[in-house]
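Working notes, beginning with the structure itself.
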Amino acid sequence: MIRLGIIGAGAVAHFHAASAARISNVELAAVCDLRDEAAERVASPWGASVYTDYAVMFREAGLHAVIINTPHALHLEMVVAAADHGLHVLVEKPMATTVADCDRMIRACEEAGVSLVIGQIQHFLPEKLAAEDVLACGELGRVLMIRDYRTTDYRPGSRPDWFFSEAMAGGGALMNIGGHCLDRSIWFGGAAVGSLNASTLKRFGVPVETDGAIALTLRNGVHVSISVVSDAAQRMDEVLIVCEHGTISCSPHNGTLVRCNGTTRTVWEPQPEDIQEGFFLQLQDFIRVLDGGAPKVSVEHARHIVEVILASYQAARTGGPVELAETGNSISAGRALTEVS
Ligand SMILES: NC(=O)c1ccc[n+]([C@@H]2O[C@H](COP(=O)([O-])OP(=O)(O)OC[C@H]3O[C@@H](n4cnc5c(N)ncnc54)[C@H](O)[C@@H]3O)[C@@H](O)[C@H]2O)c1
């Protein structure tokens, strides 16, 4: 039995906890949050112990693995501490707020001989898996262009305060929501990012960006445009993949639709449990990694997303294009490193 712990009992914790309950060789053993009552709410349905100090949980709870769902800048210290205790780690996106921190996390886990998997949930959402299947069967030919538009809300009070702290969140709407768009666009586009232009807005008087746009070119020539907009009249979360012989429109609200030769067909109808299913498939993948399998999403892919977000901030600051260095990690990010195990 794999004894699993959770740090951070906020918005996403219950998705992870409910997923653990569906996997027969996993037991949610402990939940830690600075807020005792939040930890209790996540722990109590599953009979898990409650902690308010993760170091104490690591010492006392007899865990094998931990899921980290805390403010972005805290991921580093928690991953390193978990590795020091010999615990395997599933840490929420974005992996960290700097590339150097990503590298420290990778090194710490390698040295400790534990697995490190990043919660890039897009790779597990049912409507995205349907798009992955369509692309894999080859019917539409090569991907040529991607347009990704996602709305969010960065008005003051719309989310916990730490999301508005540059130091804690590492940025605003692009770091948090844009990371999802990059995750799926790089995956579907099939190559790492070569160059980009970006712009960001700070509206509503908050200190981080509330909106942003990134125009990027992948190393295989695919063009991607990403827009993240706060407080728009219509809620959107759509990735549109333009291929040689047709298009795929993919969103949690409308499902996955394929348009080919003037005809539209639905390959995924949205279901109420889609998000929970995505978290379940993600945790199942993590547990397979503990059994020696390869993760669906590599740490290099997750690291590349952080690298691209930071390059977007640089482009927005300077007003000019940014070329990404063709490091070993960047070249191999994207589809080659995100194959299904
Ligand atoms: N995969 C997804 O779709 C998805 C969705 C939302 C959030 N996230 C990610 O999940 C992470 C958490 O986001 P959230 O929305 O749940 O945030 P949240 O603010 O709702 O929850 C974070 C929790 O961490 C706790 N915490 C902070 N410092 C702590 C510490 N030192 N020890 C123990 N607990 C501590 C807070 O008290 C809070 O309860 C972030 O990385 C975020 O980007 C992912």
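Just remember, in the structure tokens the first chain shown is A, the second B, etc., residues are 1-based per chain, and ligands are 1-based in the order shown.
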
Backbone DSSP call of strand (DSSP E) for region 45-236 of chain A, listed as an NGL selection string = :A and (49-51 or 65-68 or 88-92 or 116-119 or 143-152 or 193-201 or 211-218 or 223-230)

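Proximal residues of ligand 1 are Ile7, Gly8, Ala9, Gly10, Ala11, Val12, Ala13, Cys32, Asp33, Leu34, Arg35, Ala38, Thr52, Asp53, Tyr54, Asn69, Thr70, Pro71, His72, Glu92, Lys93, Pro94, Gly119, Gln120, Ile121, Pro160 and Asn176 of chain A, by a cut-off of 7 Å on only C-alpha atoms and all ligand atoms.
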
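Counting only C-alpha atoms and comparing A:Gln276, A:Asn254, A:Ser225, A:Ser298, the residue that lies closest to His14 (chain A) is A:Gln276.
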
inquiry  = Would you pick out the contacts of Ser199 (chain A) at 8 Å or less, using only C-alpha atoms, so that residues sharing its chain but fewer than 5 positions from it are not included, and give the list as JSON, numbers by chain?
reply    = {"A": [212, 213, 214, 312, 313, 315, 316, 317, 319]}

request  = Would you please extract all helix (DSSP H, G or I) residues from region 61-189 of chain A, as assigned by DSSP on the backbone, and give them as a PyMOL selection string?
outcome  = chain A and resi 72-84+99-112+121-124+126-137+161-164+166-169+173-189

inquiry  = If we count only C-alpha atoms and set the cut-off at 12 Å, which residues sit around Arg265 (chain A), ignoring sequence neighbours fewer than 2 positions away in its own chain? Please answer as a count of residues only.
reply    = 17

request  = Using only C-alpha atoms, determine which residues lie at most 8 Å from region 193-197 of chain A, disregarding the query and same-chain residues fewer than 4 positions distant; provide the list as a VMD selection string.
outcome  = chain A and resid 186 214 to 219 308 311 to 312 315 to 316 319 to 326 330

Contacts of region 114-138 of chain A with region 286-296 of chain A up to 8 Å, shortest pair per row, only C-alpha atoms, as CSV:
```
residue,atom,partner,partner_atom,distance
A:Ser115,CA,A:Leu290,CA,6.9
A:Val117,CA,A:Phe286,CA,6.8
A:His123,CA,A:Lys296,CA,7.7
```

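Residues within 6 Å of Arg147 (chain A), counting only C-alpha atoms and excluding same-chain residues fewer than 6 positions away, are Val224, Ser225, Val239 and Leu240 of chain A.
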
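Between CA of Thr98 (chain A) and CA of Pro252 (chain A) lies a distance of 29.5 Å.
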
inquiry  = For Ala20 (chain A), find every residue with an atom within 12 Å (counting only C-alpha atoms), except residues of its own chain fewer than 3 positions away, and show them as a VMD selection string.
reply    = chain A and resid 1 to 6 13 to 17 23 to 30 42 to 43 45 to 46 48 65 to 67 276 to 277 279 to 287

query = By how many Å are CA of Glu307 (chain A) and CA of Thr97 (chain A) apart?
reply = 9.2 Å

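Each of A:Ser251, A:Asn220, A:Ser158, A:Gln314 was compared to Gln122 (chain A) using only C-alpha atoms, and A:Ser251 turns out to be the nearest.
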
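Comparing the minimum interatomic distances between Ile106 (chain A) and each of A:Leu90, A:Val306, A:Val299, A:Ala61, counting only C-alpha atoms, we find that A:Val299 sits nearest.
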